[in-house]
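Asker: Contents of protein_28.txt (compact mmCIF, C-alpha atoms):
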# COMPACT_ATOMS: atom_id res chain seq x y z
CA MET N 1351 34.78 0.45 -5.58
CA LEU N 1352 33.33 3.49 -3.78
CA PRO N 1353 31.59 6.29 -5.71
CA ASP N 1354 33.67 9.37 -6.57
CA SER N 1355 34.09 12.03 -3.88
CA ARG N 1356 31.43 14.39 -5.29
CA ARG N 1357 28.72 11.75 -5.36
CA ARG N 1358 29.86 10.32 -2.04
CA GLN N 1359 29.60 13.73 -0.38
CA ARG N 1360 26.13 14.25 -1.82
CA ILE N 1361 24.96 10.88 -0.50
CA LEU N 1362 26.41 11.47 2.96
CA ARG N 1363 25.13 15.04 3.17
CA LEU N 1364 21.61 13.74 2.61
CA ALA N 1365 21.88 10.47 4.55
CA THR N 1366 23.79 11.53 7.68
CA PRO N 1367 21.00 13.63 9.28
CA ILE N 1368 18.47 10.91 8.41
CA ILE N 1369 20.63 8.23 10.04
CA ALA N 1370 21.21 10.35 13.15
CA ALA N 1371 17.48 11.15 13.43
CA MET N 1372 16.49 7.49 12.99
CA LEU N 1373 18.96 6.43 15.67
CA THR N 1374 17.49 8.96 18.08
CA GLN N 1375 13.92 8.00 17.07
CA SER N 1376 14.66 4.37 17.93
CA LEU N 1377 15.44 5.52 21.47
CA ILE N 1378 11.85 6.66 22.23
CA ASN N 1379 10.67 3.26 23.45
CA LEU N 1380 14.02 2.68 25.20
CA VAL N 1381 13.66 6.00 27.05
CA ASP N 1382 10.17 5.03 28.19
CA ALA N 1383 11.47 1.64 29.37
CA ALA N 1384 14.39 3.22 31.21
CA LEU N 1385 12.17 5.74 33.01
CA VAL N 1386 9.58 3.12 33.98
CA GLY N 1387 12.18 0.53 35.04
CA SER N 1388 12.21 1.78 38.64
CA LEU N 1389 8.48 1.01 38.95
CA GLY N 1390 9.06 -2.74 38.73
CA GLU N 1391 8.92 -5.58 36.22
CA VAL N 1392 5.13 -5.45 35.71
CA ALA N 1393 5.27 -1.78 34.69
CA LEU N 1394 8.29 -2.45 32.48
CA ALA N 1395 6.61 -5.42 30.79
CA GLY N 1396 3.42 -3.39 30.28
CA VAL N 1397 5.31 -0.57 28.58
CA GLY N 1398 7.08 -3.13 26.38
CA VAL N 1399 3.83 -4.77 25.28
CA GLY N 1400 2.12 -1.41 24.77
CA GLY N 1401 5.07 -0.12 22.75
CA TYR N 1402 4.97 -3.14 20.45
CA ALA N 1403 1.21 -2.69 19.96
CA MET N 1404 1.83 0.95 19.01
CA PHE N 1405 4.51 -0.20 16.56
CA LEU N 1406 2.00 -2.51 14.86
CA ILE N 1407 -0.67 0.21 14.61
CA THR N 1408 1.84 2.77 13.33
CA ALA N 1409 2.71 0.41 10.48
CA VAL N 1410 -0.72 1.16 8.97
CA VAL N 1411 0.34 4.75 8.20
CA PHE N 1412 4.07 4.12 7.72
CA GLY N 1413 3.87 4.11 3.92
CA LEU N 1414 2.80 7.76 3.82
CA SER N 1415 6.43 8.79 4.27
CA SER N 1416 7.73 6.98 1.19
CA GLY N 1417 4.62 7.87 -0.82
CA VAL N 1418 5.13 11.59 -0.23
CA GLN N 1419 8.92 11.42 -0.57
CA ALA N 1420 8.89 9.60 -3.93
CA GLN N 1421 6.50 12.10 -5.52
CA THR N 1422 8.24 15.14 -4.01
CA ALA N 1423 11.64 13.99 -5.25
CA ARG N 1424 10.21 13.41 -8.75
CA ARG N 1425 8.67 16.93 -8.84
CA HIS N 1426 11.96 18.36 -7.54
CA GLY N 1427 13.90 16.62 -10.29
CA GLU N 1428 11.43 17.95 -12.88
CA GLU N 1429 12.01 21.47 -11.43
CA ALA N 1430 8.25 21.80 -10.94
CA TRP N 1431 8.85 23.92 -7.85
CA HIS N 1432 5.25 25.03 -7.36
CA LEU N 1433 4.01 21.42 -7.35
CA ARG N 1434 6.46 19.89 -4.88
CA ALA N 1435 4.21 20.17 -1.81
CA LEU N 1436 1.03 18.84 -3.44
CA PRO N 1437 1.88 15.25 -2.39
CA LEU N 1438 2.40 16.57 1.15
CA ASN N 1439 -1.11 18.07 1.14
CA ALA N 1440 -2.54 14.78 -0.06
CA GLY N 1441 -0.56 12.80 2.52
CA LEU N 1442 -1.77 15.00 5.38
CA ALA N 1443 -5.39 14.57 4.29
CA ILE N 1444 -5.01 10.78 4.11
CA ALA N 1445 -3.23 10.78 7.48
CA LEU N 1446 -6.22 12.45 9.13
CA LEU N 1447 -8.82 10.31 7.35
CA VAL N 1448 -7.09 7.07 8.33
CA SER N 1449 -5.73 7.87 11.79
CA LEU N 1450 -8.81 9.40 13.43
CA PRO N 1451 -11.16 6.38 13.09
CA LEU N 1452 -8.26 3.99 13.76
CA THR N 1453 -7.45 5.88 16.97
CA LEU N 1454 -11.05 5.62 18.18
CA LEU N 1455 -11.11 1.91 17.35
CA CYS N 1456 -7.88 1.30 19.27
CA LEU N 1457 -9.10 3.24 22.31
CA TRP N 1458 -12.24 1.11 22.34
CA GLN N 1459 -10.60 -2.26 21.65
CA ALA N 1460 -7.33 -1.72 23.57
CA PRO N 1461 -8.01 -4.43 26.23
CA ARG N 1462 -8.74 -7.04 23.56
CA LEU N 1463 -5.72 -6.10 21.41
CA LEU N 1464 -3.28 -6.04 24.35
CA GLY N 1465 -4.77 -9.25 25.73
CA LEU N 1466 -3.85 -11.02 22.50
CA LEU N 1467 -0.24 -9.88 22.86
CA ASN N 1468 0.10 -10.83 26.54
CA PRO N 1469 -2.19 -13.06 28.64
CA ALA N 1470 -1.00 -11.82 32.07
CA ALA N 1471 -3.77 -9.64 33.55
CA GLU N 1472 -1.43 -7.37 35.57
CA VAL N 1473 0.79 -6.66 32.57
CA THR N 1474 -2.18 -6.15 30.27
CA GLY N 1475 -3.70 -3.59 32.64
CA VAL N 1476 -0.55 -1.46 32.55
CA ALA N 1477 -0.15 -1.97 28.80
CA VAL N 1478 -3.71 -0.78 28.11
CA GLU N 1479 -3.21 2.47 30.03
CA TYR N 1480 0.14 3.15 28.36
CA PHE N 1481 -1.12 2.22 24.88
CA ARG N 1482 -4.23 4.41 25.13
CA TRP N 1483 -2.07 7.45 25.80
CA ARG N 1484 0.33 6.54 23.01
CA VAL N 1485 -2.36 5.87 20.40
CA LEU N 1486 -3.72 9.38 20.87
CA SER N 1487 -0.65 10.49 18.93
CA LEU N 1488 -1.35 8.28 15.89
CA GLY N 1489 -2.57 11.23 13.82
CA ALA N 1490 0.51 13.25 14.79
CA VAL N 1491 2.77 10.32 13.85
CA ALA N 1492 1.07 9.91 10.46
CA MET N 1493 1.41 13.62 9.64
CA ILE N 1494 5.04 13.67 10.82
CA PHE N 1495 5.73 10.86 8.34
CA CYS N 1496 4.31 13.08 5.59
CA PHE N 1497 6.38 16.13 6.58
CA ARG N 1498 9.51 13.98 6.85
CA GLY N 1499 8.91 12.59 3.38
CA TYR N 1500 8.53 16.08 1.89
CA TRP N 1501 11.67 17.59 3.41
CA ASN N 1502 13.77 14.49 2.70
CA GLY N 1503 12.43 14.54 -0.87
CA ILE N 1504 13.82 18.01 -1.50
CA GLN N 1505 17.15 17.02 0.14
CA GLN N 1506 16.76 19.11 3.28
CA SER N 1507 16.98 16.21 5.70
CA ASP N 1508 18.76 18.19 8.44
CA TYR N 1509 15.38 19.46 9.66
CA TYR N 1510 14.41 15.87 10.51
CA LEU N 1511 17.34 15.58 12.94
CA ARG N 1512 16.80 19.00 14.54
CA ILE N 1513 13.11 18.37 15.23
CA MET N 1514 13.79 14.86 16.56
CA LEU N 1515 16.26 16.27 19.09
CA VAL N 1516 13.69 18.79 20.35
CA MET N 1517 11.12 16.00 20.60
CA HIS N 1518 13.49 13.93 22.75
CA VAL N 1519 13.99 16.78 25.20
CA VAL N 1520 10.21 17.26 25.49
CA ASN N 1521 9.71 13.50 25.86
CA VAL N 1522 12.17 13.12 28.73
CA VAL N 1523 11.01 16.21 30.65
CA ALA N 1524 7.29 15.51 30.22
CA SER N 1525 7.59 11.77 30.91
CA VAL N 1526 9.64 12.22 34.10
CA ALA N 1527 7.18 14.84 35.39
CA LEU N 1528 4.11 12.70 34.59
CA ILE N 1529 5.50 9.36 35.77
CA PHE N 1530 6.63 10.59 39.18
CA GLY N 1531 4.31 13.60 39.68
CA TYR N 1532 6.81 16.43 39.54
CA LEU N 1533 5.97 20.11 38.89
CA GLY N 1534 2.60 19.72 40.57
CA LEU N 1535 1.43 17.16 37.99
CA PRO N 1536 -0.32 13.90 38.96
CA ALA N 1537 1.89 10.81 39.38
CA MET N 1538 0.58 8.64 36.55
CA GLY N 1539 3.13 5.82 36.74
CA ALA N 1540 3.70 3.89 33.51
CA ALA N 1541 0.83 5.72 31.81
CA GLY N 1542 2.79 8.95 32.30
CA ALA N 1543 5.48 7.65 29.96
CA GLY N 1544 2.87 7.22 27.24
CA ALA N 1545 1.41 10.68 27.89
CA GLY N 1546 4.86 12.28 27.80
CA THR N 1547 5.73 10.61 24.51
CA THR N 1548 2.44 11.74 23.00
CA LEU N 1549 3.10 15.33 24.09
CA SER N 1550 6.54 15.19 22.46
CA LEU N 1551 5.03 13.95 19.19
CA PHE N 1552 2.49 16.78 19.09
CA ALA N 1553 5.31 19.23 19.83
CA GLY N 1554 7.22 17.76 16.87
CA LEU N 1555 4.14 18.04 14.66
CA GLY N 1556 3.80 21.70 15.59
CA LEU N 1557 7.43 22.35 14.61
CA TRP N 1558 7.01 20.53 11.27
CA ALA N 1559 3.83 22.50 10.50
CA LEU N 1560 5.46 25.84 11.41
CA LEU N 1561 8.54 25.08 9.29
CA SER N 1562 6.41 24.07 6.30
CA TYR N 1563 4.11 27.10 6.64
CA ARG N 1564 7.13 29.40 6.59
CA ARG N 1565 9.07 27.74 3.78
CA ALA N 1566 6.88 25.41 1.72
CA VAL N 1567 3.95 27.68 0.78
CA PRO N 1568 5.62 28.69 -2.55
CA SER N 1569 5.79 24.94 -3.34
CA GLY N 1570 2.00 24.59 -2.92
CA PHE N 1571 1.73 23.75 0.79
CA LEU N 1572 -1.92 24.18 1.92
CA ASP N 1573 -2.82 25.45 -1.56
CA GLY N 1574 -6.48 24.44 -1.36
CA LEU N 1575 -7.96 20.98 -0.88
CA PRO N 1576 -5.91 18.07 -2.26
CA ARG N 1577 -6.89 17.03 -5.77
CA ARG N 1578 -8.13 13.56 -6.55
CA PRO N 1579 -5.08 12.52 -8.69
CA ALA N 1580 -2.68 13.49 -5.90
CA LEU N 1581 -4.77 11.64 -3.31
CA TRP N 1582 -4.98 8.54 -5.48
CA THR N 1583 -1.24 8.47 -6.32
CA THR N 1584 -0.24 8.96 -2.68
CA LEU N 1585 -2.63 6.24 -1.54
CA ARG N 1586 -1.45 3.91 -4.33
CA LEU N 1587 2.17 4.33 -3.25
CA ALA N 1588 1.57 4.31 0.51
CA THR N 1589 -0.70 1.27 0.80
CA PRO N 1590 1.76 -1.45 -0.34
CA HIS N 1591 4.53 -0.05 1.87
CA SER N 1592 2.25 0.12 4.91
CA PHE N 1593 0.97 -3.41 4.22
CA GLN N 1594 4.56 -4.60 3.89
CA GLN N 1595 5.61 -2.95 7.15
CA LEU N 1596 2.64 -4.40 9.05
CA TRP N 1597 3.25 -7.96 7.90
CA PHE N 1598 7.00 -7.61 8.28
CA ALA N 1599 6.46 -6.72 11.94
CA ALA N 1600 4.01 -9.61 12.31
CA GLY N 1601 6.69 -11.89 10.87
CA TYR N 1602 8.92 -11.12 13.85
CA ALA N 1603 6.08 -12.07 16.17
CA VAL N 1604 5.87 -15.46 14.39
CA LEU N 1605 9.66 -15.84 14.64
CA PHE N 1606 9.53 -15.39 18.41
CA TRP N 1607 6.61 -17.84 18.60
CA ILE N 1608 8.81 -20.39 16.79
CA LEU N 1609 11.69 -19.70 19.18
CA GLY N 1610 9.25 -20.19 22.05
CA ARG N 1611 8.58 -23.71 20.78
CA ILE N 1612 12.29 -24.48 21.32
CA ASP N 1613 13.13 -23.11 24.80
CA THR N 1614 13.25 -19.97 26.93
CA ALA N 1615 16.96 -19.41 26.29
CA SER N 1616 16.32 -19.22 22.55
CA VAL N 1617 13.63 -16.56 23.09
CA ALA N 1618 15.89 -14.49 25.35
CA VAL N 1619 18.89 -14.66 23.01
CA GLY N 1620 16.68 -14.15 19.96
CA HIS N 1621 15.32 -10.89 21.41
CA VAL N 1622 18.85 -9.59 21.99
CA LEU N 1623 20.04 -10.54 18.50
CA VAL N 1624 16.98 -9.14 16.71
CA ASN N 1625 17.08 -5.86 18.62
CA LEU N 1626 20.80 -5.49 17.95
CA SER N 1627 20.34 -6.15 14.23
CA LEU N 1628 17.36 -3.76 13.95
CA LEU N 1629 19.44 -1.03 15.59
CA LEU N 1630 22.59 -1.61 13.54
CA ILE N 1631 20.85 -1.71 10.16
CA LEU N 1632 19.46 1.81 10.71
CA PRO N 1633 22.43 3.40 8.86
CA GLY N 1634 21.59 1.15 5.91
CA VAL N 1635 17.94 2.22 6.08
CA GLY N 1636 18.98 5.88 6.27
CA LEU N 1637 21.24 5.49 3.24
CA GLY N 1638 18.35 3.78 1.48
CA MET N 1639 16.10 6.78 2.18
CA ALA N 1640 18.79 8.99 0.63
CA ALA N 1641 18.79 6.69 -2.40
CA MET N 1642 15.00 7.10 -2.62
CA SER N 1643 15.37 10.87 -3.05
CA LEU N 1644 18.38 10.70 -5.39
CA VAL N 1645 16.73 8.12 -7.65
CA GLY N 1646 13.42 9.99 -7.70
CA GLN N 1647 15.08 13.27 -8.63
CA ALA N 1648 17.17 11.64 -11.36
CA LEU N 1649 14.05 10.07 -12.86
CA GLY N 1650 12.36 13.48 -12.73
CA ARG N 1651 15.21 14.78 -14.92
CA GLN N 1652 14.76 11.75 -17.22
CA ALA N 1653 18.36 10.76 -16.32
CA HIS N 1654 17.68 7.02 -16.19
CA GLY N 1655 21.32 5.97 -16.25
CA ASP N 1656 22.13 8.32 -13.39
CA ALA N 1657 19.21 6.92 -11.37
CA HIS N 1658 20.55 3.39 -11.85
CA ARG N 1659 24.04 4.48 -10.85
CA TRP N 1660 22.80 6.19 -7.67
CA GLY N 1661 21.36 2.87 -6.48
CA TRP N 1662 24.68 1.05 -6.69
CA ASP N 1663 26.69 4.02 -5.39
CA VAL N 1664 24.62 4.04 -2.21
CA VAL N 1665 24.85 0.24 -1.88
CA ARG N 1666 28.66 0.46 -1.93
CA LEU N 1667 28.64 3.03 0.86
CA ALA N 1668 26.14 0.93 2.82
CA TRP N 1669 28.37 -2.16 2.53
CA LEU N 1670 31.31 -0.22 3.97
CA CYS N 1671 29.24 1.35 6.76
CA LEU N 1672 27.49 -1.86 7.83
CA ALA N 1673 30.69 -3.90 7.62
CA THR N 1674 32.35 -1.41 9.99
CA LEU N 1675 29.48 -1.76 12.46
CA ALA N 1676 29.38 -5.55 12.15
CA LEU N 1677 33.12 -6.16 12.60
CA PRO N 1678 33.16 -5.88 16.43
CA MET N 1679 30.27 -8.36 16.60
CA ALA N 1680 32.24 -10.85 14.55
CA LEU N 1681 35.58 -10.36 16.36
CA PHE N 1682 34.49 -9.74 19.96
CA PRO N 1683 31.11 -11.47 20.37
CA ASP N 1684 31.52 -12.29 24.06
CA ALA N 1685 32.26 -8.69 25.04
CA ILE N 1686 29.16 -7.43 23.22
CA LEU N 1687 26.89 -10.18 24.52
CA ALA N 1688 28.04 -9.54 28.11
CA VAL N 1689 26.31 -6.15 27.95
CA PHE N 1690 22.93 -7.87 27.51
CA LEU N 1691 23.40 -11.39 28.88
CA HIS N 1692 24.80 -12.03 32.35
CA HIS N 1693 25.02 -15.82 32.43
CA PRO N 1694 28.12 -17.51 30.91
CA ASP N 1695 26.07 -20.35 29.42
CA LEU N 1696 23.80 -17.88 27.58
CA ILE N 1697 26.83 -16.01 26.21
CA THR N 1698 28.31 -19.25 24.91
CA PHE N 1699 24.94 -20.21 23.42
CA ALA N 1700 24.61 -16.85 21.65
CA ARG N 1701 28.21 -16.50 20.39
CA GLN N 1702 27.90 -18.11 16.94
CA PRO N 1703 24.40 -16.71 16.22
CA LEU N 1704 25.77 -13.21 16.94
CA GLN N 1705 28.61 -13.76 14.48
CA LEU N 1706 26.05 -14.89 11.89
CA THR N 1707 24.04 -11.74 12.68
CA ALA N 1708 27.12 -9.64 11.87
CA LEU N 1709 27.37 -11.32 8.47
CA MET N 1710 23.63 -10.88 7.86
CA ILE N 1711 23.87 -7.14 8.41
CA VAL N 1712 26.46 -6.78 5.65
CA ILE N 1713 24.63 -9.10 3.25
CA ASP N 1714 21.41 -7.16 3.87
CA ALA N 1715 22.88 -3.89 2.52
CA ALA N 1716 21.74 -4.38 -1.08
CA ALA N 1717 18.17 -5.21 -0.07
CA LEU N 1718 17.98 -2.28 2.38
CA VAL N 1719 19.20 0.28 -0.15
CA LEU N 1720 17.73 -1.02 -3.40
CA GLY N 1721 14.36 -1.67 -1.77
CA GLN N 1722 14.18 2.01 -0.77
CA ALA N 1723 15.52 3.09 -4.16
CA LEU N 1724 12.71 1.15 -5.84
CA LEU N 1725 10.22 3.00 -3.64
CA GLY N 1726 11.71 6.22 -4.99
CA ALA N 1727 10.95 4.96 -8.50
CA GLY N 1728 7.36 4.09 -7.53
CA ALA N 1729 7.81 0.29 -7.59
CA ASN N 1730 6.07 -0.12 -4.22
CA ARG N 1731 4.10 -3.23 -5.17
CA THR N 1732 7.26 -4.96 -6.37
CA VAL N 1733 9.03 -4.21 -3.09
CA MET N 1734 6.05 -5.43 -1.05
CA THR N 1735 5.62 -8.64 -3.05
CA THR N 1736 9.30 -9.54 -2.98
CA THR N 1737 9.76 -8.80 0.73
CA LEU N 1738 6.67 -10.59 2.00
CA THR N 1739 7.02 -13.59 -0.32
CA LEU N 1740 10.56 -14.30 0.85
CA GLN N 1741 9.71 -13.71 4.51
CA TRP N 1742 6.43 -15.64 4.77
CA LEU N 1743 6.83 -18.33 2.11
CA VAL N 1744 10.57 -18.99 2.42
CA PHE N 1745 12.12 -17.89 5.71
CA LEU N 1746 9.41 -18.57 8.30
CA PRO N 1747 8.45 -22.07 7.01
CA LEU N 1748 12.14 -23.04 6.77
CA ALA N 1749 12.80 -21.61 10.24
CA TRP N 1750 10.05 -23.84 11.65
CA TRP N 1751 11.23 -26.90 9.74
CA VAL N 1752 14.94 -26.52 10.57
CA GLY N 1753 14.62 -25.13 14.08
CA VAL N 1754 11.71 -27.20 15.45
CA VAL N 1755 11.13 -30.24 13.22
CA LEU N 1756 14.81 -31.00 12.58
CA GLU N 1757 15.64 -29.84 16.13
CA GLN N 1758 18.51 -27.57 15.04
CA GLY N 1759 17.33 -24.87 17.42
CA LEU N 1760 18.29 -21.20 17.40
CA LEU N 1761 21.56 -21.76 15.54
CA GLY N 1762 19.80 -23.63 12.73
CA ILE N 1763 17.22 -20.85 12.40
CA TRP N 1764 19.99 -18.24 12.22
CA TRP N 1765 21.71 -20.18 9.39
CA VAL N 1766 18.36 -20.21 7.58
CA GLN N 1767 18.03 -16.47 8.18
CA LEU N 1768 21.51 -15.88 6.74
CA GLY N 1769 20.49 -17.67 3.53
CA TYR N 1770 17.20 -15.76 3.43
CA ARG N 1771 18.97 -12.38 3.75
CA GLY N 1772 21.34 -13.33 0.93
CA LEU N 1773 18.45 -14.40 -1.30
CA ASN N 1774 16.60 -11.19 -0.47
CA SER N 1775 19.53 -8.99 -1.53
CA LEU N 1776 20.06 -11.08 -4.67
CA CYS N 1777 16.42 -10.65 -5.69
CA PHE N 1778 16.51 -6.87 -5.23
CA ALA N 1779 19.79 -6.65 -7.15
CA MET N 1780 18.23 -8.56 -10.06
CA ILE N 1781 15.13 -6.35 -10.04
CA TRP N 1782 17.33 -3.25 -10.02
CA GLN N 1783 19.43 -4.54 -12.91
CA ARG N 1784 16.37 -5.29 -15.06
CA ARG N 1785 15.61 -1.52 -14.98
CA GLN N 1786 11.90 -1.89 -15.63
CA TRP N 1787 11.28 0.49 -12.71
CA TRP N 1788 12.35 3.56 -14.69
CA ARG N 1789 9.22 3.35 -16.86
CA LEU N 1790 6.91 4.00 -13.90
CA GLN N 1791 5.07 7.33 -13.84
CA LEU N 1792 4.24 9.27 -10.67
Now, as a test, write the supplied structure out as structure tokens.

Answerer:
Amino acid sequence: MLPDSRRRQRILRLATPIIAAMLTQSLINLVDAALVGSLGEVALAGVGVGGYAMFLITAVVFGLSSGVQAQTARRHGEEAWHLRALPLNAGLAIALLVSLPLTLLCLWQAPRLLGLLNPAAEVTGVAVEYFRWRVLSLGAVAMIFCFRGYWNGIQQSDYYLRIMLVMHVVNVVASVALIFGYLGLPAMGAAGAGAGTTLSLFAGLGLWALLSYRRAVPSGFLDGLPRRPALWTTLRLATPHSFQQLWFAAGYAVLFWILGRIDTASVAVGHVLVNLSLLLILPGVGLGMAAMSLVGQALGRQAHGDAHRWGWDVVRLAWLCLATLALPMALFPDAILAVFLHHPDLITFARQPLQLTALMIVIDAAALVLGQALLGAGANRTVMTTTLTLQWLVFLPLAWWVGVVLEQGLLGIWWVQLGYRGLNSLCFAMIWQRRQWWRLQL
């Protein structure tokens, strides 16, 4: 049963801009790949490897968004208007302290890091150039996470979408000019795509800072140096989520290593299925971020029952949304696979795993939403422990055993993954129902 129209409208009003912004954000690496594609397969592979390396490094600061958002939503619910931006101040300070030395380390060690991800010297050379330009934006990315968390926390998520759209325009224009040497600029090739993306991120950071300076000063934005309690709370909330994101991404690297032990077709099909699922679950993630704010604000009002209800209301909407997106994959798998795979044998091979992927997306709704809702309550360690335990101690060992040892291949691994997703959602539902999270203080 769906939530009543008033609550449904509130959820969608908050979640829709977040979903749209996340969908556009996921296009950044795709835009770089599309622009570089005309330079050949070495350049394209280099941008792909460099983009994945940037994804891994970004995971270190990813938790700042949820750490700031959870605290901001709680202060908003408490109607402590003048304190709402103090977590933002703390997050920005942490972002600078972490990202600056990490950026220098990555610039220095880029050849070694990229060499671990890809042994081909030609590809690594391109990847290093691209990655070095991209990693210059790490500080901007970290601070953007903080600003996003603040504005989502006070339920003004439309700014996220507007700024992302401007960033995309800057990215395309700057990248095209720098890749091919237009407007009197040097033709940098694949490295130009990285430089253009970095310019777009700094442009986005400037817009976030200007918006916050104009509208968030009464809430305490830049009101002196961050205080130790705010720094500690933000760090305590951000660290588990960043750790979780880093190891979650590493888990996919292990999955593809396992698929590589089977055959090349399994790796190719696995990449298509994983990328499709990561794209299609974004509405669920966006709804989960809305749940994070709604739960945090309800807890700030001491409305514990309402906080619990918001979690399940958002899950119901996520089930409907993800089921709608998954239905074409289940009913017309060949038509969807033909967009990515051009050999009939590969399409036949991928048909049933794609249908399982469609079912996984729907089953995953509870974990996607309730995991984010628990972050809004401050249960970051619980979310990290549950997610990583099930991924590293259950799914990946079983995937190896079923797929490689028992020789069930890609299809066997996807059946294991279906069971893992179901267990993951069941665990988060049980944690949510126990309601111990509402005792946590932020």

Asker: Looking at only C-alpha atoms, which of N:Leu1438, N:Leu1709, N:Ala1603, N:Ala1779 is the one that sits closest to Gly1570 (chain N)?

Answerer: N:Leu1438

Asker: Measuring atom to atom with all atoms listed in the file, identify which of N:Gln1459, N:Ser1775, N:Ser1355, N:Thr1589 is nearest to Ala1715 (chain N).

Answerer: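 Result for the nearest residue to Ala1715 (chain N): N:Ser1775.
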
Asker: What's the 8 Å shell around region 1359-1366 of chain N, counting all atoms listed in the file, without same-chain residues fewer than 4 positions away, as a PyMOL selection string?

Answerer: chain N and resi 1355+1370+1502+1505-1508+1636-1637+1639-1641+1664

Asker: Output C-alpha atoms for every residue in that selection, as a PDB file, in the coordinates of the input.

Answerer:
ATOM      1  CA  SER N1355      34.090  12.030  -3.880  1.00  0.00           C
ATOM      2  CA  ALA N1370      21.210  10.350  13.150  1.00  0.00           C
ATOM      3  CA  ASN N1502      13.770  14.490   2.700  1.00  0.00           C
ATOM      4  CA  GLN N1505      17.150  17.020   0.140  1.00  0.00           C
ATOM      5  CA  GLN N1506      16.760  19.110   3.280  1.00  0.00           C
ATOM      6  CA  SER N1507      16.980  16.210   5.700  1.00  0.00           C
ATOM      7  CA  ASP N1508      18.760  18.190   8.440  1.00  0.00           C
ATOM      8  CA  GLY N1636      18.980   5.880   6.270  1.00  0.00           C
ATOM      9  CA  LEU N1637      21.240   5.490   3.240  1.00  0.00           C
ATOM     10  CA  MET N1639      16.100   6.780   2.180  1.00  0.00           C
ATOM     11  CA  ALA N1640      18.790   8.990   0.630  1.00  0.00           C
ATOM     12  CA  ALA N1641      18.790   6.690  -2.400  1.00  0.00           C
ATOM     13  CA  VAL N1664      24.620   4.040  -2.210  1.00  0.00           C
TER      14      VAL N1664
END

Asker: Which value, in Å to one decimal, gives the distance between CA of Ala1723 (chain N) and CA of Ala1676 (chain N)?

Answerer: 23.1 Å

Asker: So which one's closest to Gly1726 (chain N), N:Phe1682, N:Phe1598, N:Tyr1563, N:Trp1660? Using all atoms listed in the file, please.

Answerer: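 Closest to Gly1726 (chain N) of all the choices is N:Trp1660.
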
Asker: For a quick check of understanding, using all atoms listed in the file, which of N:Gly1753, N:Pro1451, N:Pro1353, N:Gly1650 has the smallest distance to Phe1606 (chain N)?

Answerer: N:Gly1753

Asker: Near Leu1560 (chain N), within 12 Å and counting all atoms listed in the file, which residues show up once chain neighbours fewer than 5 positions away are dropped, as an MDAnalysis selection string?

Answerer: chainID N and resid 1497 1509 1513 1553:1555 1565:1567 1571

Asker: Which residues are near Trp1483 (chain N)? Cut-off 8 Å, only C-alpha atoms, ignore same chain within fewer than 6 positions. Put them as JSON, numbers by chain.

Answerer: {"N": [1541, 1544, 1545, 1548]}
